[in-house]
Structures are given as C-alpha cells and as structure tokens.
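Visitor: File input_39.pdb below, PDB, C-alpha atoms and all ligand atoms:
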ATOM      1  CA  MET S   1      15.295  -6.188  -0.246
ATOM      2  CA  PHE S   2      18.084  -4.312   1.475
ATOM      3  CA  ASP S   3      18.293  -4.195   5.239
ATOM      4  CA  SER S   4      21.601  -2.424   5.600
ATOM      5  CA  PRO S   5      22.097   1.348   5.258
ATOM      6  CA  GLN S   6      21.745   2.593   1.694
ATOM      7  CA  PRO S   7      24.040   5.564   1.120
ATOM      8  CA  ALA S   8      23.555   8.078  -1.690
ATOM      9  CA  ARG S   9      24.910   6.784  -5.012
ATOM     10  CA  PRO S  10      27.585   8.699  -6.961
ATOM     11  CA  GLY S  11      26.322  10.574 -10.030
ATOM     12  CA  THR S  12      22.694   9.991  -9.003
ATOM     13  CA  LEU S  13      19.943  12.468  -8.173
ATOM     14  CA  HIS S  14      17.885  11.237  -5.221
ATOM     15  CA  ILE S  15      14.392  12.686  -4.854
ATOM     16  CA  VAL S  16      13.816  12.430  -1.113
ATOM     17  CA  ALA S  17      10.441  12.653   0.635
ATOM     18  CA  THR S  18      10.517  14.561   3.931
ATOM     19  CA  PRO S  19       7.921  14.786   6.760
ATOM     20  CA  ILE S  20       4.508  16.420   6.252
ATOM     21  CA  GLY S  21       4.092  16.920  10.008
ATOM     22  CA  ASN S  22       5.797  14.701  12.531
ATOM     23  CA  LEU S  23       9.584  14.852  12.120
ATOM     24  CA  ARG S  24       9.616  11.072  12.463
ATOM     25  CA  ASP S  25       7.797  10.740   9.129
ATOM     26  CA  LEU S  26      11.313  10.642   7.652
ATOM     27  CA  SER S  27      12.304   7.131   6.541
ATOM     28  CA  LEU S  28      15.530   5.353   7.472
ATOM     29  CA  HIS S  29      16.381   5.263   3.774
ATOM     30  CA  ALA S  30      15.946   9.050   3.550
ATOM     31  CA  LEU S  31      18.241   9.462   6.572
ATOM     32  CA  ASP S  32      20.896   7.267   4.920
ATOM     33  CA  VAL S  33      20.791   9.318   1.738
ATOM     34  CA  LEU S  34      20.686  12.743   3.390
ATOM     35  CA  ARG S  35      23.580  11.811   5.672
ATOM     36  CA  THR S  36      25.796  10.671   2.811
ATOM     37  CA  ALA S  37      24.865  12.873  -0.188
ATOM     38  CA  ASP S  38      27.677  15.156  -1.379
ATOM     39  CA  LEU S  39      25.119  17.899  -1.924
ATOM     40  CA  VAL S  40      21.566  18.454  -0.664
ATOM     41  CA  ALA S  41      19.489  20.802  -2.819
ATOM     42  CA  ALA S  42      16.467  22.204  -1.016
ATOM     43  CA  GLU S  43      13.412  24.297  -1.889
ATOM     44  CA  ASP S  44      14.132  26.465   1.153
ATOM     45  CA  THR S  45      17.499  25.963   2.803
ATOM     46  CA  ARG S  46      16.374  27.450   6.126
ATOM     47  CA  THR S  47      13.390  25.099   6.435
ATOM     48  CA  SER S  48      15.503  22.121   5.471
ATOM     49  CA  GLN S  49      18.340  23.162   7.737
ATOM     50  CA  ALA S  50      15.941  22.814  10.687
ATOM     51  CA  LEU S  51      14.939  19.300   9.608
ATOM     52  CA  LEU S  52      18.529  18.217   9.021
ATOM     53  CA  ALA S  53      19.653  19.697  12.346
ATOM     54  CA  ALA S  54      16.878  17.815  14.155
ATOM     55  CA  TRP S  55      18.369  14.593  12.805
ATOM     56  CA  GLY S  56      21.982  15.649  13.441
ATOM     57  CA  ILE S  57      22.799  15.836   9.734
ATOM     58  CA  GLN S  58      25.421  18.248   8.470
ATOM     59  CA  ALA S  59      24.946  18.680   4.750
ATOM     60  CA  ARG S  60      26.268  20.937   2.018
ATOM     61  CA  LEU S  61      23.037  22.768   1.157
ATOM     62  CA  THR S  62      22.070  24.667  -1.969
ATOM     63  CA  ALA S  63      18.761  26.347  -2.873
ATOM     64  CA  LEU S  64      16.609  25.112  -5.736
ATOM     65  CA  HIS S  65      13.101  26.549  -5.853
ATOM     66  CA  GLU S  66      10.472  27.339  -8.468
ATOM     67  CA  HIS S  67      12.170  30.650  -9.378
ATOM     68  CA  ASN S  68      15.630  29.204 -10.112
ATOM     69  CA  GLU S  69      14.746  25.601 -10.946
ATOM     70  CA  VAL S  70      16.010  25.715 -14.561
ATOM     71  CA  SER S  71      19.373  27.387 -13.871
ATOM     72  CA  GLY S  72      19.725  25.426 -10.625
ATOM     73  CA  ALA S  73      19.073  22.174 -12.475
ATOM     74  CA  ALA S  74      21.880  22.939 -14.940
ATOM     75  CA  ARG S  75      24.242  23.457 -11.984
ATOM     76  CA  LEU S  76      23.207  20.188 -10.390
ATOM     77  CA  VAL S  77      23.640  18.297 -13.670
ATOM     78  CA  GLU S  78      27.276  19.461 -13.632
ATOM     79  CA  GLU S  79      27.701  18.214 -10.058
ATOM     80  CA  LEU S  80      26.247  14.841 -11.051
ATOM     81  CA  ARG S  81      28.451  14.647 -14.151
ATOM     82  CA  ALA S  82      31.420  15.183 -11.846
ATOM     83  CA  GLY S  83      30.331  12.022 -10.046
ATOM     84  CA  ARG S  84      28.851  13.656  -6.960
ATOM     85  CA  SER S  85      25.713  12.335  -5.274
ATOM     86  CA  VAL S  86      22.846  14.797  -4.950
ATOM     87  CA  ALA S  87      19.644  14.714  -2.877
ATOM     88  CA  TYR S  88      16.693  17.006  -3.538
ATOM     89  CA  ILE S  89      14.156  17.868  -0.830
ATOM     90  CA  SER S  90      11.204  20.261  -0.825
ATOM     91  CA  ASP S  91       9.744  22.013   2.237
ATOM     92  CA  ALA S  92       7.477  19.090   3.142
ATOM     93  CA  GLY S  93       6.412  15.786   1.645
ATOM     94  CA  THR S  94       7.429  14.534  -1.765
ATOM     95  CA  PRO S  95       9.133  16.868  -4.249
ATOM     96  CA  GLY S  96       7.330  17.239  -7.586
ATOM     97  CA  ILE S  97       3.886  16.842  -5.979
ATOM     98  CA  SER S  98       2.559  20.435  -5.974
ATOM     99  CA  ASP S  99       6.181  21.312  -5.226
ATOM    100  CA  PRO S 100       9.311  22.022  -7.286
ATOM    101  CA  GLY S 101      11.255  19.027  -8.552
ATOM    102  CA  ALA S 102       9.703  18.071 -11.910
ATOM    103  CA  ARG S 103      11.918  20.366 -13.998
ATOM    104  CA  LEU S 104      15.020  19.228 -12.128
ATOM    105  CA  VAL S 105      14.134  15.576 -12.739
ATOM    106  CA  ALA S 106      13.474  16.250 -16.446
ATOM    107  CA  ALA S 107      16.823  18.032 -16.838
ATOM    108  CA  VAL S 108      18.760  15.238 -15.131
ATOM    109  CA  ARG S 109      16.965  12.614 -17.201
ATOM    110  CA  ALA S 110      17.622  14.571 -20.397
ATOM    111  CA  ALA S 111      21.322  14.567 -19.477
ATOM    112  CA  GLY S 112      21.150  10.756 -19.363
ATOM    113  CA  LEU S 113      21.844  10.599 -15.633
ATOM    114  CA  PRO S 114      20.022   8.408 -13.100
ATOM    115  CA  VAL S 115      17.239   9.646 -10.827
ATOM    116  CA  SER S 116      16.161   7.574  -7.836
ATOM    117  CA  PRO S 117      13.080   8.116  -5.642
ATOM    118  CA  ILE S 118      13.427   7.797  -1.878
ATOM    119  CA  PRO S 119       9.745   7.290  -1.029
ATOM    120  CA  GLY S 120       7.995   8.622   2.026
ATOM    121  CA  ALA S 121       5.348  11.053   3.184
ATOM    122  CA  SER S 122       3.014  12.890   0.856
ATOM    123  CA  ALA S 123      -0.188  14.582   1.975
ATOM    124  CA  VAL S 124      -2.154  13.121  -0.940
ATOM    125  CA  ALA S 125      -1.196   9.541  -0.057
ATOM    126  CA  ALA S 126      -1.784  10.133   3.655
ATOM    127  CA  ALA S 127      -5.285  11.522   3.008
ATOM    128  CA  LEU S 128      -6.207   8.715   0.617
ATOM    129  CA  SER S 129      -5.010   6.145   3.126
ATOM    130  CA  VAL S 130      -7.756   7.252   5.537
ATOM    131  CA  ALA S 131     -10.428   8.037   2.923
ATOM    132  CA  GLY S 132     -11.654   4.447   2.580
ATOM    133  CA  LEU S 133     -12.098   4.711  -1.198
ATOM    134  CA  GLU S 134     -11.765   1.653  -3.402
ATOM    135  CA  GLY S 135     -12.021   3.080  -6.890
ATOM    136  CA  PRO S 136      -9.745   5.268  -8.996
ATOM    137  CA  TRP S 137      -8.983   8.853  -7.994
ATOM    138  CA  LEU S 138      -7.657  11.936  -9.683
ATOM    139  CA  PHE S 139      -5.151  14.168  -7.935
ATOM    140  CA  VAL S 140      -5.808  17.783  -8.945
ATOM    141  CA  GLY S 141      -3.588  19.579  -6.418
ATOM    142  CA  PHE S 142      -4.340  23.289  -5.939
ATOM    143  CA  LEU S 143      -7.348  24.736  -7.754
ATOM    144  CA  PRO S 144      -6.965  28.131  -9.449
ATOM    145  CA  ALA S 145      -7.027  31.015  -6.943
ATOM    146  CA  LYS S 146      -9.394  33.197  -9.008
ATOM    147  CA  PRO S 147     -13.075  32.332  -8.434
ATOM    148  CA  ALA S 148     -14.127  32.226 -12.106
ATOM    149  CA  ALA S 149     -11.210  29.995 -13.103
ATOM    150  CA  ARG S 150     -11.800  27.789 -10.065
ATOM    151  CA  ARG S 151     -15.479  27.271 -10.885
ATOM    152  CA  LYS S 152     -14.647  26.517 -14.519
ATOM    153  CA  ALA S 153     -12.057  23.931 -13.412
ATOM    154  CA  LEU S 154     -14.610  22.332 -11.085
ATOM    155  CA  ALA S 155     -17.324  22.296 -13.748
ATOM    156  CA  ASP S 156     -14.900  20.403 -16.030
ATOM    157  CA  LEU S 157     -14.111  17.893 -13.273
ATOM    158  CA  ALA S 158     -17.616  17.387 -11.861
ATOM    159  CA  ALA S 159     -18.805  14.479 -13.995
ATOM    160  CA  LEU S 160     -15.530  12.527 -14.209
ATOM    161  CA  PRO S 161     -16.099   9.054 -12.733
ATOM    162  CA  PHE S 162     -13.296   9.414 -10.180
ATOM    163  CA  ALA S 163     -12.797  10.550  -6.629
ATOM    164  CA  LEU S 164     -11.093  13.963  -6.731
ATOM    165  CA  VAL S 165      -8.230  15.039  -4.485
ATOM    166  CA  PHE S 166      -7.344  18.702  -3.900
ATOM    167  CA  TYR S 167      -4.819  20.601  -1.837
ATOM    168  CA  GLU S 168      -6.106  23.773  -0.184
ATOM    169  CA  SER S 169      -4.762  26.431   2.146
ATOM    170  CA  PRO S 170      -6.664  27.854   5.138
ATOM    171  CA  HIS S 171      -7.000  31.255   3.377
ATOM    172  CA  ARG S 172      -9.231  29.877   0.662
ATOM    173  CA  ILE S 173     -10.867  26.875   2.291
ATOM    174  CA  GLU S 174     -14.296  28.483   2.711
ATOM    175  CA  GLU S 175     -14.603  29.855  -0.817
ATOM    176  CA  CYS S 176     -13.234  26.642  -2.252
ATOM    177  CA  VAL S 177     -15.796  24.530  -0.381
ATOM    178  CA  ALA S 178     -18.619  26.875  -1.447
ATOM    179  CA  ASP S 179     -17.599  26.405  -5.085
ATOM    180  CA  LEU S 180     -17.272  22.639  -4.644
ATOM    181  CA  ALA S 181     -20.837  22.474  -3.310
ATOM    182  CA  ALA S 182     -22.134  24.676  -6.136
ATOM    183  CA  GLU S 183     -20.420  22.782  -8.945
ATOM    184  CA  LEU S 184     -20.462  19.194  -7.666
ATOM    185  CA  GLY S 185     -23.808  19.297  -5.868
ATOM    186  CA  PRO S 186     -24.694  19.075  -2.154
ATOM    187  CA  ALA S 187     -25.046  15.282  -2.056
ATOM    188  CA  ARG S 188     -21.461  14.389  -2.921
ATOM    189  CA  ALA S 189     -19.335  13.550   0.131
ATOM    190  CA  ILE S 190     -16.209  15.492   1.057
ATOM    191  CA  LEU S 191     -13.430  14.319   3.350
ATOM    192  CA  PHE S 192     -11.478  17.051   5.118
ATOM    193  CA  ALA S 193      -7.997  15.716   5.964
ATOM    194  CA  ARG S 194      -6.517  18.500   8.070
ATOM    195  CA  GLU S 195      -3.083  18.817   9.697
ATOM    196  CA  LEU S 196      -2.187  15.200   8.938
ATOM    197  CA  SER S 197       0.603  13.761  11.033
ATOM    198  CA  LYS S 198       0.505  16.888  13.243
ATOM    199  CA  ARG S 199      -0.737  17.579  16.744
ATOM    200  CA  PHE S 200      -4.192  18.798  15.727
ATOM    201  CA  GLU S 201      -4.789  16.236  12.996
ATOM    202  CA  GLN S 202      -8.439  15.887  12.049
ATOM    203  CA  VAL S 203     -10.324  13.839   9.469
ATOM    204  CA  HIS S 204     -13.969  14.681   8.894
ATOM    205  CA  ARG S 205     -16.379  13.408   6.257
ATOM    206  CA  CYS S 206     -19.778  14.889   5.400
ATOM    207  CA  PRO S 207     -21.991  15.706   2.399
ATOM    208  CA  LEU S 208     -20.896  18.878   0.575
ATOM    209  CA  GLY S 209     -24.227  20.413   1.573
ATOM    210  CA  GLU S 210     -23.120  20.318   5.223
ATOM    211  CA  ALA S 211     -19.477  21.293   4.675
ATOM    212  CA  ALA S 212     -19.851  25.085   5.035
ATOM    213  CA  ALA S 213     -21.651  24.661   8.374
ATOM    214  CA  TRP S 214     -18.905  22.332   9.630
ATOM    215  CA  LEU S 215     -16.227  24.891   8.718
ATOM    216  CA  ALA S 216     -18.199  27.666  10.417
ATOM    217  CA  GLU S 217     -18.920  25.835  13.663
ATOM    218  CA  ASP S 218     -15.333  25.987  15.029
ATOM    219  CA  ASP S 219     -12.418  28.316  14.141
ATOM    220  CA  ASN S 220     -10.074  25.337  14.361
ATOM    221  CA  HIS S 221     -11.899  23.609  11.515
ATOM    222  CA  ARG S 222     -10.592  26.317   9.167
ATOM    223  CA  ARG S 223      -6.978  26.259  10.399
ATOM    224  CA  GLY S 224      -3.891  24.494   9.061
ATOM    225  CA  GLU S 225      -3.237  22.547   5.890
ATOM    226  CA  PHE S 226      -5.939  20.640   4.060
ATOM    227  CA  VAL S 227      -6.334  17.782   1.662
ATOM    228  CA  LEU S 228      -9.894  17.529   0.330
ATOM    229  CA  VAL S 229     -11.101  14.181  -1.034
ATOM    230  CA  LEU S 230     -14.396  14.147  -2.926
ATOM    231  CA  ASP S 231     -16.304  10.917  -3.484
ATOM    232  CA  PRO S 232     -16.841   9.989  -7.133
ATOM    233  CA  PRO S 233     -20.221  10.985  -8.594
ATOM    234  CA  PRO S 234     -22.938   8.333  -8.192
ATOM    235  CA  PRO S 235     -22.969   5.704 -10.975
ATOM    236  CA  VAL S 236     -24.997   6.730 -14.006
ATOM    237  CA  ALA S 237     -27.615   4.709 -15.895
ATOM    238  CA  GLU S 238     -27.304   3.537 -19.536
ATOM    239  CA  ASP S 239     -27.894   6.900 -21.170
ATOM    240  CA  GLY S 240     -25.234   8.299 -18.865
ATOM    241  CA  LEU S 241     -27.678  10.580 -17.068
ATOM    242  CA  GLY S 242     -29.314   8.320 -14.462
ATOM    243  CA  GLU S 243     -30.434  10.306 -11.426
ATOM    244  CA  ALA S 244     -29.980  13.552 -13.365
ATOM    245  CA  ARG S 245     -32.916  12.600 -15.607
ATOM    246  CA  ARG S 246     -35.279  12.421 -12.604
ATOM    247  CA  VAL S 247     -33.981  15.676 -11.141
ATOM    248  CA  LEU S 248     -34.341  17.366 -14.509
ATOM    249  CA  GLU S 249     -37.917  16.161 -14.925
ATOM    250  CA  THR S 250     -38.884  17.720 -11.605
ATOM    251  CA  LEU S 251     -37.093  21.002 -12.289
ATOM    252  CA  LEU S 252     -38.690  21.304 -15.736
ATOM    253  CA  GLU S 253     -42.091  21.444 -14.067
ATOM    254  CA  GLU S 254     -41.127  24.840 -12.630
ATOM    255  CA  LEU S 255     -38.234  26.247 -14.671
ATOM    256  CA  PRO S 256     -37.296  27.036 -18.283
ATOM    257  CA  VAL S 257     -35.029  24.558 -20.111
ATOM    258  CA  LYS S 258     -31.731  26.405 -19.675
ATOM    259  CA  GLN S 259     -32.148  27.045 -15.964
ATOM    260  CA  ALA S 260     -33.386  23.521 -15.286
ATOM    261  CA  ALA S 261     -30.420  21.984 -17.142
ATOM    262  CA  HIS S 262     -27.962  24.254 -15.336
ATOM    263  CA  LEU S 263     -29.420  23.474 -11.910
ATOM    264  CA  ALA S 264     -29.698  19.729 -12.585
ATOM    265  CA  ALA S 265     -26.026  19.708 -13.639
ATOM    266  CA  ARG S 266     -25.026  21.453 -10.421
ATOM    267  CA  LEU S 267     -27.104  19.126  -8.280
ATOM    268  CA  THR S 268     -26.034  15.866  -9.879
ATOM    269  CA  GLY S 269     -22.628  16.518 -11.433
ATOM    270  CA  ALA S 270     -23.930  15.393 -14.866
ATOM    271  CA  ARG S 271     -22.823  17.338 -17.951
ATOM    272  CA  LYS S 272     -24.770  20.539 -18.560
ATOM    273  CA  ASN S 273     -24.821  20.179 -22.359
ATOM    274  CA  ALA S 274     -26.180  16.640 -22.186
ATOM    275  CA  LEU S 275     -28.867  17.759 -19.746
ATOM    276  CA  TYR S 276     -29.767  20.720 -21.947
ATOM    277  CA  ASP S 277     -30.288  18.402 -24.947
ATOM    278  CA  LEU S 278     -32.311  16.023 -22.785
ATOM    279  CA  ALA S 279     -34.432  18.883 -21.417
ATOM    280  CA  LEU S 280     -35.210  20.083 -24.950
ATOM    281  CA  ALA S 281     -36.194  16.562 -25.919
ATOM    282  CA  MET S 282     -38.400  16.251 -22.816
ATOM    283  CA  LYS S 283     -40.115  19.575 -23.596
ATOM    284  CA  LYS S 284     -40.825  18.363 -27.105
ATOM    285  CA  GLY S 285     -42.392  15.306 -25.538
ATOM    286  CA  ASN S 286     -39.810  12.779 -26.766
TER
HETATM  287  N1  LIG S 301       4.863  18.033  -1.764
HETATM  288  C1  LIG S 301       3.872  18.021  -0.729
HETATM  289  C2  LIG S 301       3.302  16.601  -0.588
HETATM  290  O1  LIG S 301       3.913  15.663  -1.075
HETATM  291  O2  LIG S 301       2.252  16.449   0.015
HETATM  292  C3  LIG S 301       2.791  19.060  -0.960
HETATM  293  C4  LIG S 301       3.315  20.469  -0.985
HETATM  294  S1  LIG S 301       2.092  21.659  -1.276
HETATM  295  C5  LIG S 301       3.060  23.102  -1.533
HETATM  296  C6  LIG S 301       1.435  21.981   0.322
HETATM  297  C7  LIG S 301      -0.009  21.541   0.462
HETATM  298  O3  LIG S 301      -0.062  20.142   0.735
HETATM  299  C8  LIG S 301      -0.753  22.194   1.599
HETATM  300  O4  LIG S 301      -1.306  23.454   1.233
HETATM  301  C9  LIG S 301      -1.837  21.185   1.904
HETATM  302  O5  LIG S 301      -2.901  21.294   0.976
HETATM  303  C10 LIG S 301      -1.091  19.876   1.645
HETATM  304  N2  LIG S 301      -0.470  19.408   2.900
HETATM  305  C11 LIG S 301       0.839  19.404   3.194
HETATM  306  N3  LIG S 301       1.031  18.911   4.430
HETATM  307  C12 LIG S 301      -0.182  18.584   4.923
HETATM  308  C13 LIG S 301      -0.648  18.024   6.140
HETATM  309  N4  LIG S 301       0.201  17.716   7.114
HETATM  310  N5  LIG S 301      -1.971  17.819   6.294
HETATM  311  C14 LIG S 301      -2.847  18.130   5.321
HETATM  312  N6  LIG S 301      -2.451  18.669   4.139
HETATM  313  C15 LIG S 301      -1.151  18.894   3.936
END
Please express the file's structure as structure tokens.
Guide:
Amino acid sequence: MFDSPQPARPGTLHIVATPIGNLRDLSLHALDVLRTADLVAAEDTRTSQALLAAWGIQARLTALHEHNEVSGAARLVEELRAGRSVAYISDAGTPGISDPGARLVAAVRAAGLPVSPIPGASAVAAALSVAGLEGPWLFVGFLPAKPAARRKALADLAALPFALVFYESPHRIEECVADLAAELGPARAILFARELSKRFEQVHRCPLGEAAAWLAEDDNHRRGEFVLVLDPPPPVAEDGLGEARRVLETLLEELPVKQAAHLAARLTGARKNALYDLALAMKKGN
C-alpha cells in the first residue's frame, strides 16, 4: 500500500481511467500520474483538455484515437524507449473498454515495455455495482447497429447462463430494447443504468415485457448514456430445457412444430434447435 503521491514512472505506459460523469470520479492516483507524465495521449485532445484544465493540470497532449491508433502507438513506443513516461486517457471511463487503447497496449507490450493500469471509473463496473447480481456476467459492449446483425447476436447470447451487460446510445435504445424483448423473452429482467454519476442519474429495473412502455412514458427515460444489464436466464432442468418444455407443450397444441419451437425459444431463451428436436419428438409421441 502506498499513501504518498505516485508519479508517472519513466518508460512506462499508464492506462488512466477518467470520470464517466462527475469530474470528481478521477482518483488521486490518476491525478498524480496525469500531473507528472511527460506526455498525455488522449482519444480527443479537446475533451481531455477540459478535464485536465478543471484539475489545473498542464500536460503535453497528443491525439491517439481509433483512426491513428497503430501509427500513434509506434510513436509512443519511441517516446517510452527514450525513457519518457506516458499516460493514455480516453474520452470517459477506462480506455480499452469499448474505447481505443487495446492496440496501444498490445504494441507497447510487444516492444517489451511496461504497462500499468491506473484504475477508476468505468460505466460497466458502475452499473454492475448497483445491479445486485451475484453470479457471473458477460460484458458485450455495443451490439451491432444493423437490426439483422443485432438480432443474430442476441439470439446467440440468449441462452448463455450469464447476466449480459450492454452499452447503448440514446439513438438506438428503443430498437435495441425491442430486439432484446423479442430474442430474450418478456420475462427476463432488464436494468437500465442511465447517466451514471451525472445529474440525472437513474437506475430502473423491470421485466423486458414492460421495458418499451417505461421508455415511452417519459422523454427523459430515453435520454443520455445507457448501460443495460440483463438478468441471466432462469435455471434449466436436467435436459437443459426446463420451463421451455412446458411452454413448448402448450404452443404445440395450437402451432406447427417450427413456429412453436421458434416462439418457445424467444419466450424462454432456450436454444431453438434443441426445442425443434424436442417438438418433433413430442409430436411423434416420445
Ligand atoms: N470506456 C468507457 C467505460 O469505461 O465505461 C466506455 C466508452 S463507450 C464509447 C461509451 C458508452 O459507455 C456509452 O454509450 C454508454 O453506453 C456507456 N456510458 C459511458 N458513460 C456512462 C454513464 N455515465 N452512464 C451510463 N452509461 C455510460
């Protein structure tokens, strides 16, 4: 444990987490490093300049974003080789988490130089900290923007025995939630973690079947930045199909095999192929 200021180390790349809302999300350790680094590389120098100015930090800034990350990384490796200390910050939160940073880290590592994390805010961790989940979770980040690709991604994720965590922007929140309800079923719970650490922070949990109505009831519910946390699917029985078997039985009374399997998969999150095989077996009276 260190309790004295920890300046940036020579020849080391520091990956520094910055605020996701409140400027005071920045840690004392991050302040130490940003104040003393020879060079601060930033996803957007104007955004970061505002943060640094708010904390009275004068830094030598350089831009490193997704469009110049490879060439920029080569430049920074040279700075590190020359013994200079470098800090990398993205626009908000932790670099490398749905943000640039991974390719820079890989390049510095490949050059045999040290990389040190300066931990702090990340929207995924903040949302999980108020989700009240005990089990494992899978961080997906942003879903594909195109509807067909998004639904395919969700269909692949639906039956995994984990809570799922997504990032989403206000532009796509409604279509994303509609697809979540269609692919994961209306019973699964969703937690909206909106504008965390900001003035209009809001955390709301409801079944997916009620999520569209919640978004529609107030314009503010659709504004700002979102983390979406989905409960894991309900536990399955020995044959892995559990509740889905009962749902399928009922649907088969009214629908052909393919439709019943498809609908049961959407309602329960169980795998469509497994339900199709089960439905065929049920029809044959097995
Ligand atoms: N690197 C960042 C991190 O560690 O959280 C994430 C950057 S990603 C480009 C931006 C997305 O993160 C937003 O679209 C939103 O989904 C989520 N996000 C960032 N800040 C947030 C906040 N204050 N509240 C809720 N979600 C946030």
Visitor: Neighbouring residues of ligand LIG 301 (chain S) are defined here as those with any atom at most 6 Å from a ligand atom, counting all atoms listed in the file; list them as a ChimeraX atom specification.
Guide: /S:20-21,92-95,97-99,122-124,167-169,193-197,225-227
Visitor: Atom CA of S:Pro186 and atom CA of S:Leu267 are how many Å apart?
Guide: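 Distance between the two atoms: 6.6 Å.
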Visitor: Evaluating the PyMOL selection byres (((chain S and resi 251-260) around 12) and not hetatm) on the displayed file yields which residues, as number ranges by chain?
Guide: S: 244-250, 261-268, 272-284
Visitor: Restrict the selected residues to C-alpha atoms and save them as a JSON list (two decimals), in the frame of the given file.
Guide:
[["chain", "number", "residue", "atom", "x", "y", "z"],
["S", 244, "ALA", "CA", -29.98, 13.55, -13.36],
["S", 245, "ARG", "CA", -32.92, 12.60, -15.61],
["S", 246, "ARG", "CA", -35.28, 12.42, -12.60],
["S", 247, "VAL", "CA", -33.98, 15.68, -11.14],
["S", 248, "LEU", "CA", -34.34, 17.37, -14.51],
["S", 249, "GLU", "CA", -37.92, 16.16, -14.92],
["S", 250, "THR", "CA", -38.88, 17.72, -11.60],
["S", 261, "ALA", "CA", -30.42, 21.98, -17.14],
["S", 262, "HIS", "CA", -27.96, 24.25, -15.34],
["S", 263, "LEU", "CA", -29.42, 23.47, -11.91],
["S", 264, "ALA", "CA", -29.70, 19.73, -12.58],
["S", 265, "ALA", "CA", -26.03, 19.71, -13.64],
["S", 266, "ARG", "CA", -25.03, 21.45, -10.42],
["S", 267, "LEU", "CA", -27.10, 19.13, -8.28],
["S", 268, "THR", "CA", -26.03, 15.87, -9.88],
["S", 272, "LYS", "CA", -24.77, 20.54, -18.56],
["S", 273, "ASN", "CA", -24.82, 20.18, -22.36],
["S", 274, "ALA", "CA", -26.18, 16.64, -22.19],
["S", 275, "LEU", "CA", -28.87, 17.76, -19.75],
["S", 276, "TYR", "CA", -29.77, 20.72, -21.95],
["S", 277, "ASP", "CA", -30.29, 18.40, -24.95],
["S", 278, "LEU", "CA", -32.31, 16.02, -22.78],
["S", 279, "ALA", "CA", -34.43, 18.88, -21.42],
["S", 280, "LEU", "CA", -35.21, 20.08, -24.95],
["S", 281, "ALA", "CA", -36.19, 16.56, -25.92],
["S", 282, "MET", "CA", -38.40, 16.25, -22.82],
["S", 283, "LYS", "CA", -40.12, 19.58, -23.60],
["S", 284, "LYS", "CA", -40.83, 18.36, -27.10]]
Visitor: At a cut-off of 8 Å from (24.3, 11.1, -6.6) in the coordinates of the file, what residues are picked up using all atoms listed in the file, written as JSON, numbers by chain?
Guide: {"S": [8, 9, 10, 11, 12, 13, 14, 37, 38, 80, 83, 84, 85, 86, 87]}
Visitor: To box stretch 131-136 of chain S, take all atoms listed in the file, fit an axis-aligned box, add 3 Å on each side, and give centre and edge lengths in Å to one decimal, as lines of an AutoDock Vina configuration file.
Guide:
center_x = -10.9
center_y = 4.8
center_z = -3.0
size_x = 8.4
size_y = 12.4
size_z = 17.9
Visitor: Choose the residue, out of S:Val40, S:Val33, S:Ile89, S:Ala178, that has the smallest atom-to-atom separation from S:Ala216; count only C-alpha atoms.
Guide: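 The closest residue to S:Ala216 is S:Ala178.
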Visitor: Quick check, in Å to one decimal: how far apart do atom CA of S:Val229 and atom CA of S:Phe192 lie?
Guide: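 So the two atoms, atom CA of S:Val229 and atom CA of S:Phe192, lie 6.8 Å apart.
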Visitor: Run through the PyMOL selection byres (((chain S and resi 189) around 12) and not hetatm) on the given coordinates and return the selected residues as an MDAnalysis selection string.
Guide: chainID S and resid 131 133 163:164 177 180:181 184:188 190:192 204:211 228:234
Visitor: Grab the atom CA of S:Val108 to atom CA of S:Asp3 distance for me, in Å with one decimal place.
Guide: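 Distance reported for this atom pair: 28.2 Å.
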Visitor: Could you state which residues are captured by the PyMOL selection byres (((chain S and resi 116) around 7) and not hetatm) in this file, as a list in words?
Guide: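 Taken on the displayed file, the PyMOL selection byres (((chain S and resi 116) around 7) and not hetatm) yields the residues Leu13, His14, Ile15, Pro114, Val115, Pro117 and Ile118 of chain S.
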Visitor: Considering all atoms listed in the file, state which residue in the set S:Leu31, S:Leu215, S:Ala121, S:Leu52 is at the smallest distance from S:Thr18.
Guide: S:Ala121
Visitor: So, counting only C-alpha atoms, which residue among S:Val165, S:Val130, S:Gly72, S:Ile57 is closest to S:Leu143?
Guide: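 The closest residue to S:Leu143 is S:Val165.
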Visitor: With distances taken over all atoms listed in the file, which residue among S:Gly224, S:Leu34, S:Ala153, S:Trp137 lies nearest S:Phe200?
Guide: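 Of S:Gly224, S:Leu34, S:Ala153, S:Trp137, the one nearest S:Phe200 is S:Gly224, counting all atoms listed in the file.
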Visitor: From the set S:Ala125, S:Cys176, S:Val77, S:Ala63, which residue has the shortest atom-to-atom contact distance to S:Leu113, counting all atoms listed in the file?
Guide: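 Comparing S:Ala125, S:Cys176, S:Val77, S:Ala63 against S:Leu113, the winner is S:Val77.
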Visitor: So, counting only C-alpha atoms, which residue among S:Lys146, S:Arg109, S:Arg35, S:Arg151 is closest to S:Gly56?
Guide: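 Of S:Lys146, S:Arg109, S:Arg35, S:Arg151, the one nearest S:Gly56 is S:Arg35, counting only C-alpha atoms.
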